[in-house]
>>> print(open('coords.cif').read())   # mmCIF, C-alpha atoms
data_run
loop_
_atom_site.label_atom_id
_atom_site.label_comp_id
_atom_site.auth_asym_id
_atom_site.auth_seq_id
_atom_site.Cartn_x
_atom_site.Cartn_y
_atom_site.Cartn_z
CA MET A 145 27.76 31.43 -1.16
CA LEU A 146 29.71 34.02 0.78
CA ILE A 147 32.88 32.55 2.24
CA LEU A 148 34.66 34.23 5.13
CA THR A 149 37.73 33.14 7.08
CA ARG A 150 37.45 33.54 10.84
CA LYS A 151 39.79 32.74 13.69
CA LYS A 152 38.90 31.55 17.18
CA ASN A 153 36.82 34.14 19.08
CA GLU A 154 36.06 36.07 15.91
CA SER A 155 32.47 36.66 14.86
CA ILE A 156 30.17 37.26 11.95
CA MET A 157 27.08 39.47 12.05
CA LEU A 158 23.99 38.54 10.04
CA GLY A 159 22.04 41.74 9.90
CA GLU A 160 22.05 43.64 13.18
CA GLU A 161 20.61 41.03 15.50
CA ILE A 162 22.36 37.77 14.72
CA LYS A 163 25.93 37.17 15.81
CA ILE A 164 27.81 33.96 15.18
CA THR A 165 31.10 33.43 17.04
CA VAL A 166 33.73 30.74 16.58
CA LEU A 167 34.32 29.63 20.18
CA ASP A 168 36.70 26.72 19.76
CA ILE A 169 38.42 24.71 17.06
CA ARG A 170 39.55 21.14 17.69
CA GLY A 171 40.58 19.01 14.74
CA ASP A 172 37.63 18.96 12.37
CA SER A 173 35.12 20.17 15.00
CA ILE A 174 34.24 23.79 15.52
CA LYS A 175 32.23 25.07 18.46
CA ILE A 176 29.96 27.90 17.38
CA GLY A 177 28.08 30.38 19.57
CA ILE A 178 24.90 31.89 18.18
CA GLU A 179 23.26 35.03 19.52
CA ALA A 180 19.90 35.57 17.84
CA PRO A 181 16.45 36.96 18.63
CA LYS A 182 14.34 34.53 20.67
CA GLU A 183 11.67 34.08 18.01
CA LEU A 184 14.26 32.70 15.59
CA THR A 185 14.56 28.93 15.45
CA VAL A 186 18.13 27.66 15.41
CA LEU A 187 18.54 24.06 14.27
CA ARG A 188 21.24 21.66 13.17
CA SER A 189 20.57 21.46 9.45
CA GLU A 190 20.64 17.65 9.38
CA LEU A 191 17.66 17.55 11.75
CA TYR A 192 15.71 19.92 9.51
CA GLN A 193 16.72 17.79 6.54
CA ALA A 194 15.55 14.59 8.30
CA VAL A 195 12.12 16.12 8.96
CA ARG A 196 11.95 17.36 5.38
CA GLU A 197 12.73 13.90 3.99
CA GLU A 198 10.26 12.25 6.37
CA ASN A 199 7.52 14.65 5.21
CA THR A 200 8.29 13.84 1.59
CA ARG A 201 7.95 10.12 2.35
CA ALA A 202 4.78 10.70 4.36
CA ALA A 203 3.14 12.50 1.44
CA LEU A 204 3.24 9.18 -0.45
CA VAL A 205 0.86 7.46 1.99
CA LYS A 206 -2.22 6.50 0.04
CA GLN A 207 -5.85 6.42 1.06
CA SER A 208 -5.91 2.74 0.07
CA VAL A 209 -3.80 1.58 3.03
CA LEU A 210 -6.34 2.85 5.53
CA GLU A 211 -8.37 -0.34 5.50
CA GLN A 212 -5.26 -2.33 6.50
CA LEU A 213 -4.38 0.28 9.07
CA ARG A 214 -7.87 0.08 10.54
CA LYS A 215 -7.63 -3.73 10.90
CA LEU A 216 -4.22 -3.47 12.51
CA GLN A 217 -5.46 -0.85 14.94
CA GLU A 218 -8.37 -3.09 15.93
CA MET A 219 -6.05 -6.07 16.42
CA ASN A 220 -3.82 -3.87 18.53
CA LYS A 221 -6.74 -2.75 20.68
CA GLY A 222 -7.82 -6.35 21.15
CA GLN A 223 -4.50 -7.37 22.70
CA MET B 269 -14.72 26.82 -2.44
CA GLN B 270 -14.13 23.21 -3.48
CA VAL B 271 -11.00 21.13 -3.11
CA LYS B 272 -10.35 17.81 -4.76
CA THR B 273 -8.78 15.54 -2.15
CA THR B 274 -6.40 12.61 -2.62
CA ASN B 275 -9.30 10.19 -2.44
CA SER B 276 -10.69 12.12 -5.42
CA SER B 277 -13.82 13.30 -3.68
CA ASN B 278 -14.68 16.94 -3.77
CA LEU B 279 -14.66 18.63 -0.47
CA ILE B 280 -16.35 21.88 0.32
CA VAL B 281 -13.98 24.07 2.26
CA GLU B 282 -15.35 26.42 4.81
CA GLN B 283 -13.05 29.34 5.37
CA GLU B 284 -13.16 28.76 9.13
CA ASN B 285 -11.79 25.22 8.78
CA ILE B 286 -8.64 26.34 7.04
CA ILE B 287 -5.49 26.20 9.14
CA ALA B 288 -2.76 28.61 8.12
CA PHE B 289 0.85 27.39 8.04
CA PRO B 290 2.66 30.72 7.53
CA THR B 291 6.01 29.00 6.99
CA GLY B 292 4.64 25.94 5.20
CA ILE B 293 5.83 22.46 6.16
CA PRO B 294 9.48 21.46 5.57
CA GLY B 295 9.63 20.03 2.06
CA PHE B 296 6.35 21.74 1.17
CA GLU B 297 7.19 25.32 2.05
CA GLU B 298 4.98 26.78 -0.66
CA LEU B 299 1.81 25.22 0.78
CA LYS B 300 0.44 27.56 3.43
CA ARG B 301 -3.12 26.33 3.96
CA PHE B 302 -4.29 22.94 5.18
CA MET B 303 -7.40 21.36 6.63
CA LEU B 304 -7.43 18.75 9.39
CA LEU B 305 -9.99 16.12 8.41
CA PRO B 306 -10.79 13.33 10.88
CA GLU B 307 -10.68 9.91 9.24
CA GLU B 308 -14.09 8.29 9.55
CA ASP B 309 -14.30 5.34 11.97
CA MET B 310 -10.70 5.85 13.06
CA ASP B 311 -10.66 8.14 16.03
CA ALA B 312 -6.88 8.43 16.19
CA PHE B 313 -6.26 9.47 12.59
CA TYR B 314 -6.61 12.63 10.53
CA TRP B 315 -5.77 13.77 7.04
CA LEU B 316 -3.84 17.00 6.91
CA GLN B 317 -5.03 18.01 3.46
CA SER B 318 -3.47 20.85 1.50
CA VAL B 319 -6.07 23.35 0.35
CA ASP B 320 -3.89 24.62 -2.49
CA GLU B 321 -2.44 21.35 -3.78
CA PRO B 322 -5.07 18.56 -3.85
CA ALA B 323 -2.45 15.85 -4.34
CA VAL B 324 -0.77 16.62 -1.04
CA ALA B 325 -2.26 15.13 2.11
CA PHE B 326 -0.49 13.77 5.16
CA LEU B 327 -1.92 11.08 7.38
CA ALA B 328 -1.52 12.26 10.96
CA THR B 329 -2.31 10.85 14.37
CA ASN B 330 -3.10 11.93 17.88
CA PRO B 331 0.27 10.98 19.42
CA PHE B 332 -1.07 10.56 22.95
CA ILE B 333 -3.11 7.51 21.91
CA PHE B 334 -0.12 5.53 20.60
CA PHE B 335 2.56 7.13 22.76
CA PRO B 336 0.94 7.91 26.13
CA GLY B 337 4.22 9.20 27.57
CA TYR B 338 4.86 11.63 24.72
CA SER B 339 5.71 15.09 25.98
CA PHE B 340 7.84 18.04 24.99
CA ASP B 341 8.48 21.62 25.96
CA LEU B 342 7.17 23.98 23.36
CA PRO B 343 10.05 26.46 22.85
CA ASP B 344 9.33 30.06 23.85
CA GLU B 345 9.89 31.27 20.30
CA GLU B 346 7.16 28.92 19.03
CA ILE B 347 4.73 30.03 21.74
CA LYS B 348 5.40 33.54 20.50
CA ASN B 349 5.25 32.65 16.78
CA LEU B 350 1.93 30.85 17.23
CA ASP B 351 0.64 33.48 19.68
CA ILE B 352 -0.41 30.81 22.18
CA GLN B 353 -2.09 32.35 25.19
CA ASN B 354 -3.50 29.26 26.85
CA PRO B 355 -2.33 25.62 26.74
CA GLU B 356 -5.92 24.53 26.08
CA GLU B 357 -5.93 26.14 22.65
CA ILE B 358 -3.12 23.84 21.48
CA LEU B 359 -3.78 20.75 19.37
CA VAL B 360 -0.87 18.42 18.55
CA VAL B 361 -0.85 15.88 15.73
CA ASN B 362 2.08 13.97 14.29
CA ILE B 363 2.61 13.00 10.67
CA ILE B 364 2.64 9.31 9.87
CA SER B 365 4.69 7.45 7.30
CA ILE B 366 4.04 3.96 5.95
CA PRO B 367 7.04 2.51 4.11
CA ARG B 368 6.06 0.72 0.88
CA ASN B 369 2.50 0.47 2.22
CA ARG B 370 3.58 -2.03 4.90
CA VAL B 371 1.21 -0.99 7.63
CA THR B 372 2.99 -2.96 10.36
CA GLU B 373 5.97 -0.62 9.82
CA THR B 374 3.90 2.52 10.24
CA THR B 375 5.86 5.22 12.04
CA ALA B 376 5.04 8.59 13.54
CA ASN B 377 7.36 11.58 13.43
CA LEU B 378 7.64 12.55 17.09
CA VAL B 379 10.51 15.02 16.67
CA GLY B 380 8.42 17.20 14.35
CA PRO B 381 4.97 17.62 15.90
CA ILE B 382 2.38 19.74 14.11
CA VAL B 383 1.34 22.27 16.73
CA ILE B 384 -1.96 23.99 16.01
CA ASN B 385 -3.32 27.10 17.68
CA THR B 386 -7.01 26.19 17.46
CA ARG B 387 -8.11 29.70 18.41
CA LEU B 388 -6.23 31.40 15.58
CA LYS B 389 -6.31 28.40 13.20
CA GLN B 390 -2.60 28.77 12.78
CA ALA B 391 -0.01 26.01 12.89
CA LYS B 392 3.58 25.02 12.46
CA GLN B 393 5.60 21.85 12.29
CA VAL B 394 7.85 22.45 15.27
CA ILE B 395 11.20 20.68 15.19
CA LEU B 396 12.21 19.72 18.71
CA THR B 397 15.79 20.03 19.87
CA GLY B 398 17.39 18.39 22.87
CA THR B 399 14.97 15.44 22.94
CA SER B 400 15.53 11.77 22.22
CA TYR B 401 12.61 11.69 19.75
CA SER B 402 13.24 10.92 16.10
CA THR B 403 11.32 11.08 12.83
CA LYS B 404 10.37 7.39 13.11
CA HIS B 405 8.57 5.75 16.03
CA LEU B 406 6.73 2.50 15.37
CA LEU B 407 3.00 2.74 16.04
CA PHE B 408 2.41 -0.98 16.31
CA THR B 409 5.43 -2.43 18.07
CA GLY B 410 3.70 -5.72 18.84
CA ALA B 411 2.62 -6.23 15.24
CA ALA B 412 6.07 -5.53 13.86
CA LYS B 413 7.70 -8.02 16.24
CA LYS B 414 5.11 -10.63 15.38
CA GLU B 415 5.73 -10.22 11.68
CA THR B 416 9.48 -10.35 12.18
CA SER B 417 9.32 -13.59 14.12
CA VAL B 418 7.16 -15.15 11.40
CA ALA B 419 9.61 -13.95 8.77
CA GLN B 420 12.43 -15.62 10.69
CA GLY B 421 10.60 -18.92 10.53
CA LYS B 422 9.49 -18.95 14.16
CA GLY B 423 5.82 -19.59 13.89
CA GLU B 424 5.04 -18.77 17.50
CA THR B 425 2.97 -15.73 18.17
CA LYS B 426 3.33 -14.71 21.75
CA CYS B 427 2.08 -11.16 21.61
#
>>> encode(input="coords.cif", output="structure tokens")
Amino acid sequence: MLILTRKKNESIMLGEEIKITVLDIRGDSIKIGIEAPKELTVLRSELYQAVREENTRAALVKQSVLEQLRKLQEMNKGQ
Amino acid sequence: MQVKTTNSSNLIVEQENIIAFPTGIPGFEELKRFMLLPEEDMDAFYWLQSVDEPAVAFLATNPFIFFPGYSFDLPDEEIKNLDIQNPEEILVVNIISIPRNRVTETTANLVGPIVINTRLKQAKQVILTGTSYSTKHLLFTGAAKKETSVAQGKGETKC
């Protein structure tokens, strides 16, 4: 991992198109500005991680639960 | 081409039914090709079956059946990435999770819809930002409440 020290209002370039600027520092929170090409998705990493973990759990769903799911769906429709 | 699916039946894959996921699916980044197989007798459910890894299949649902108010803005970058030219060529499904096979606790991931360009057979799990959706939304809210009240010793079933 590359580690750089930056002060408020200083930036980092990732390649030629992505610029990350430290906008504000308050206690243990840092406000970051990101300038990047539109087609690039910018996400908080914990959200990506949550989706990743959910997918891993979802891959464990077995064919055998479908019969139960079908019954439940019918019950639900009947209400 | 034949693929062995999770229910151990062989499935003949037609090239035209393969949906490309150029960036994979988070957690399964190396799997780039899936098929969307409707579950027989269950109009709201599909299997999103990996073509390359037979053991990997996700149960997915049509979100608009269980969550009629579900809506989101597809970010511009995703419209561009998926080369969407017309809203009618979009198909949305959401992956389902069933904790410990307890079907009453079945949830859908509404923050990470699978957005498919049906014209190009290309898709991506889009992660939505700035919404109140999460990775877990109960499909059967009535059923879960009912089971909870029974578990608490209240035998009444009002729903």
>>> residues_around(input="coords.cif", residues="stretch 150-158 of chain A", least_positions_apart="2", cutoff="10 Å", atoms="all atoms listed in the file", output="CSV table (one decimal) with C-alpha atoms, in the frame of the given file")
chain,number,residue,atom,x,y,z
A,147,ILE,CA,32.9,32.6,2.2
A,148,LEU,CA,34.7,34.2,5.1
A,160,GLU,CA,22.0,43.6,13.2
A,161,GLU,CA,20.6,41.0,15.5
A,162,ILE,CA,22.4,37.8,14.7
A,163,LYS,CA,25.9,37.2,15.8
A,164,ILE,CA,27.8,34.0,15.2
A,165,THR,CA,31.1,33.4,17.0
A,166,VAL,CA,33.7,30.7,16.6
A,167,LEU,CA,34.3,29.6,20.2
A,168,ASP,CA,36.7,26.7,19.8
A,169,ILE,CA,38.4,24.7,17.1
A,174,ILE,CA,34.2,23.8,15.5
A,175,LYS,CA,32.2,25.1,18.5
A,176,ILE,CA,30.0,27.9,17.4
A,177,GLY,CA,28.1,30.4,19.6
A,178,ILE,CA,24.9,31.9,18.2
A,179,GLU,CA,23.3,35.0,19.5
A,180,ALA,CA,19.9,35.6,17.8
>>> residues_around(input="coords.cif", residues="B:Phe326", least_positions_apart="4", cutoff="12 Å", atoms="only C-alpha atoms", output="PyMOL selection string")
(chain A and resi 198-207) or (chain B and resi 273-274+293+296+302-307+313-318+321-322+361-366+376-377+382)
>>> atom_distance(input="coords.cif", atom1="atom CA of A:Arg196", atom2="atom CA of B:Leu299")
13.6 Å
>>> interface_residues(input="coords.cif", of="chain A", to="chain B", cutoff="10 Å", atoms="only C-alpha atoms", output="PyMOL selection string")
chain A and resi 181-188+191-220+223
>>> axis_aligned_box(input="coords.cif", around="stretch 330-343 of chain B", padding_each_side="4 Å", output="JSON")
{"center_x": 3.5, "center_y": 16.0, "center_z": 22.7, "size_x": 21.2, "size_y": 28.9, "size_z": 17.7}
>>> atom_distance(input="coords.cif", atom1="atom CA of B:Phe340", atom2="atom CA of A:Ser173")
29.1 Å
>>> atom_distance(input="coords.cif", atom1="atom CA of B:Glu298", atom2="atom CA of B:Ile352")
23.8 Å
>>> residues_around(input="coords.cif", residues="stretch 353-357 of chain B", least_positions_apart="6", cutoff="10 Å", atoms="only C-alpha atoms", output="count of residues only")
7
>>> resolve_selection(input="coords.cif", expression="the PyMOL selection byres ((chain B and resi 286) around 9)", output="short mmCIF file (atom, residue, chain, number, x, y, z; two decimals) with C-alpha atoms, in the coordinates of the input")
data_model
loop_
_atom_site.label_atom_id
_atom_site.label_comp_id
_atom_site.auth_asym_id
_atom_site.auth_seq_id
_atom_site.Cartn_x
_atom_site.Cartn_y
_atom_site.Cartn_z
CA VAL B 281 -13.98 24.07 2.26
CA GLU B 282 -15.35 26.42 4.81
CA GLN B 283 -13.05 29.34 5.37
CA GLU B 284 -13.16 28.76 9.13
CA ASN B 285 -11.79 25.22 8.78
CA ILE B 287 -5.49 26.20 9.14
CA ALA B 288 -2.76 28.61 8.12
CA ARG B 301 -3.12 26.33 3.96
CA PHE B 302 -4.29 22.94 5.18
CA MET B 303 -7.40 21.36 6.63
CA LEU B 304 -7.43 18.75 9.39
CA VAL B 319 -6.07 23.35 0.35
CA LYS B 389 -6.31 28.40 13.20
CA GLN B 390 -2.60 28.77 12.78
#
>>> decode(input="coords.cif", residues="stretch 349-364 of chain B", atoms="all heavy atoms", output="short mmCIF file (atom, residue, chain, number, x, y, z; two decimals), in the first residue's frame")
data_model
loop_
_atom_site.label_atom_id
_atom_site.label_comp_id
_atom_site.auth_asym_id
_atom_site.auth_seq_id
_atom_site.Cartn_x
_atom_site.Cartn_y
_atom_site.Cartn_z
N ASN B 349 -22.14 2.31 -19.28
CA ASN B 349 -21.45 1.01 -19.20
C ASN B 349 -22.26 -0.10 -19.87
O ASN B 349 -21.69 -0.96 -20.53
CB ASN B 349 -21.22 0.61 -17.73
CG ASN B 349 -20.13 1.45 -17.08
OD1 ASN B 349 -19.29 2.02 -17.77
ND2 ASN B 349 -20.15 1.54 -15.76
N LEU B 350 -23.57 -0.08 -19.66
CA LEU B 350 -24.42 -1.14 -20.20
C LEU B 350 -24.96 -0.79 -21.59
O LEU B 350 -25.71 -1.57 -22.17
CB LEU B 350 -25.60 -1.42 -19.24
CG LEU B 350 -25.23 -2.13 -17.93
CD1 LEU B 350 -26.38 -2.06 -16.94
CD2 LEU B 350 -24.86 -3.58 -18.20
N ASP B 351 -24.59 0.35 -22.09
CA ASP B 351 -25.00 0.82 -23.41
C ASP B 351 -26.53 0.73 -23.58
O ASP B 351 -27.03 0.16 -24.55
CB ASP B 351 -24.29 0.02 -24.52
CG ASP B 351 -24.50 0.67 -25.89
OD1 ASP B 351 -24.86 1.86 -25.94
OD2 ASP B 351 -24.32 -0.03 -26.91
N ILE B 352 -27.24 1.28 -22.59
CA ILE B 352 -28.71 1.22 -22.65
C ILE B 352 -29.22 2.38 -23.51
O ILE B 352 -28.90 3.54 -23.27
CB ILE B 352 -29.30 1.25 -21.23
CG1 ILE B 352 -29.01 -0.10 -20.58
CG2 ILE B 352 -30.80 1.53 -21.26
CD1 ILE B 352 -29.11 -0.13 -19.11
N GLN B 353 -30.00 2.02 -24.53
CA GLN B 353 -30.49 3.03 -25.45
C GLN B 353 -31.97 3.32 -25.25
O GLN B 353 -32.49 4.32 -25.69
CB GLN B 353 -30.23 2.57 -26.90
CG GLN B 353 -28.73 2.48 -27.17
CD GLN B 353 -28.40 1.90 -28.53
OE1 GLN B 353 -29.30 1.56 -29.29
NE2 GLN B 353 -27.13 1.76 -28.81
N ASN B 354 -32.64 2.37 -24.59
CA ASN B 354 -34.09 2.45 -24.46
C ASN B 354 -34.49 1.78 -23.15
O ASN B 354 -34.04 0.65 -22.89
CB ASN B 354 -34.67 1.69 -25.67
CG ASN B 354 -36.16 1.71 -25.70
OD1 ASN B 354 -36.82 1.88 -24.67
ND2 ASN B 354 -36.71 1.52 -26.88
N PRO B 355 -35.30 2.45 -22.32
CA PRO B 355 -35.66 1.84 -21.03
C PRO B 355 -36.30 0.46 -21.17
O PRO B 355 -36.21 -0.37 -20.27
CB PRO B 355 -36.67 2.83 -20.44
CG PRO B 355 -36.49 4.09 -21.18
CD PRO B 355 -35.92 3.75 -22.53
N GLU B 356 -36.93 0.21 -22.33
CA GLU B 356 -37.63 -1.07 -22.50
C GLU B 356 -36.68 -2.25 -22.65
O GLU B 356 -37.11 -3.40 -22.54
CB GLU B 356 -38.57 -0.99 -23.72
CG GLU B 356 -39.82 -0.21 -23.38
CD GLU B 356 -40.56 0.29 -24.60
OE1 GLU B 356 -40.35 -0.28 -25.69
OE2 GLU B 356 -41.32 1.26 -24.46
N GLU B 357 -35.43 -1.99 -22.91
CA GLU B 357 -34.50 -3.12 -23.03
C GLU B 357 -33.89 -3.51 -21.69
O GLU B 357 -33.07 -4.42 -21.62
CB GLU B 357 -33.41 -2.82 -24.08
CG GLU B 357 -32.48 -1.68 -23.74
CD GLU B 357 -31.68 -1.20 -24.96
OE1 GLU B 357 -32.17 -1.37 -26.10
OE2 GLU B 357 -30.58 -0.69 -24.77
N ILE B 358 -34.34 -2.85 -20.61
CA ILE B 358 -33.80 -3.16 -19.27
C ILE B 358 -34.65 -4.20 -18.57
O ILE B 358 -35.88 -4.11 -18.56
CB ILE B 358 -33.77 -1.89 -18.39
CG1 ILE B 358 -32.92 -0.80 -19.05
CG2 ILE B 358 -33.27 -2.19 -16.99
CD1 ILE B 358 -32.92 0.51 -18.29
N LEU B 359 -33.99 -5.19 -17.97
CA LEU B 359 -34.66 -6.13 -17.08
C LEU B 359 -33.94 -6.06 -15.73
O LEU B 359 -32.72 -6.07 -15.68
CB LEU B 359 -34.58 -7.55 -17.65
CG LEU B 359 -35.16 -8.67 -16.79
CD1 LEU B 359 -36.68 -8.52 -16.63
CD2 LEU B 359 -34.85 -10.04 -17.39
N VAL B 360 -34.73 -5.94 -14.66
CA VAL B 360 -34.15 -5.85 -13.32
C VAL B 360 -34.56 -7.08 -12.51
O VAL B 360 -35.75 -7.41 -12.45
CB VAL B 360 -34.63 -4.57 -12.59
CG1 VAL B 360 -34.10 -4.53 -11.15
CG2 VAL B 360 -34.18 -3.32 -13.33
N VAL B 361 -33.59 -7.75 -11.92
CA VAL B 361 -33.89 -8.79 -10.93
C VAL B 361 -33.02 -8.55 -9.71
O VAL B 361 -31.99 -7.88 -9.81
CB VAL B 361 -33.67 -10.24 -11.46
CG1 VAL B 361 -34.56 -10.54 -12.65
CG2 VAL B 361 -32.21 -10.50 -11.81
N ASN B 362 -33.48 -9.05 -8.57
CA ASN B 362 -32.73 -8.84 -7.33
C ASN B 362 -32.42 -10.18 -6.68
O ASN B 362 -33.29 -11.06 -6.61
CB ASN B 362 -33.53 -7.95 -6.38
CG ASN B 362 -33.68 -6.54 -6.92
OD1 ASN B 362 -34.31 -6.33 -7.96
ND2 ASN B 362 -33.11 -5.57 -6.25
N ILE B 363 -31.21 -10.31 -6.20
CA ILE B 363 -30.77 -11.57 -5.60
C ILE B 363 -31.44 -11.75 -4.23
O ILE B 363 -31.61 -10.81 -3.46
CB ILE B 363 -29.23 -11.61 -5.48
CG1 ILE B 363 -28.63 -11.66 -6.89
CG2 ILE B 363 -28.76 -12.79 -4.64
CD1 ILE B 363 -27.10 -11.65 -6.90
N ILE B 364 -31.78 -13.01 -3.98
CA ILE B 364 -32.49 -13.37 -2.76
C ILE B 364 -31.59 -14.18 -1.84
O ILE B 364 -30.77 -14.96 -2.31
CB ILE B 364 -33.73 -14.20 -3.16
CG1 ILE B 364 -34.85 -13.23 -3.47
CG2 ILE B 364 -34.14 -15.18 -2.10
CD1 ILE B 364 -36.06 -13.94 -3.90
#
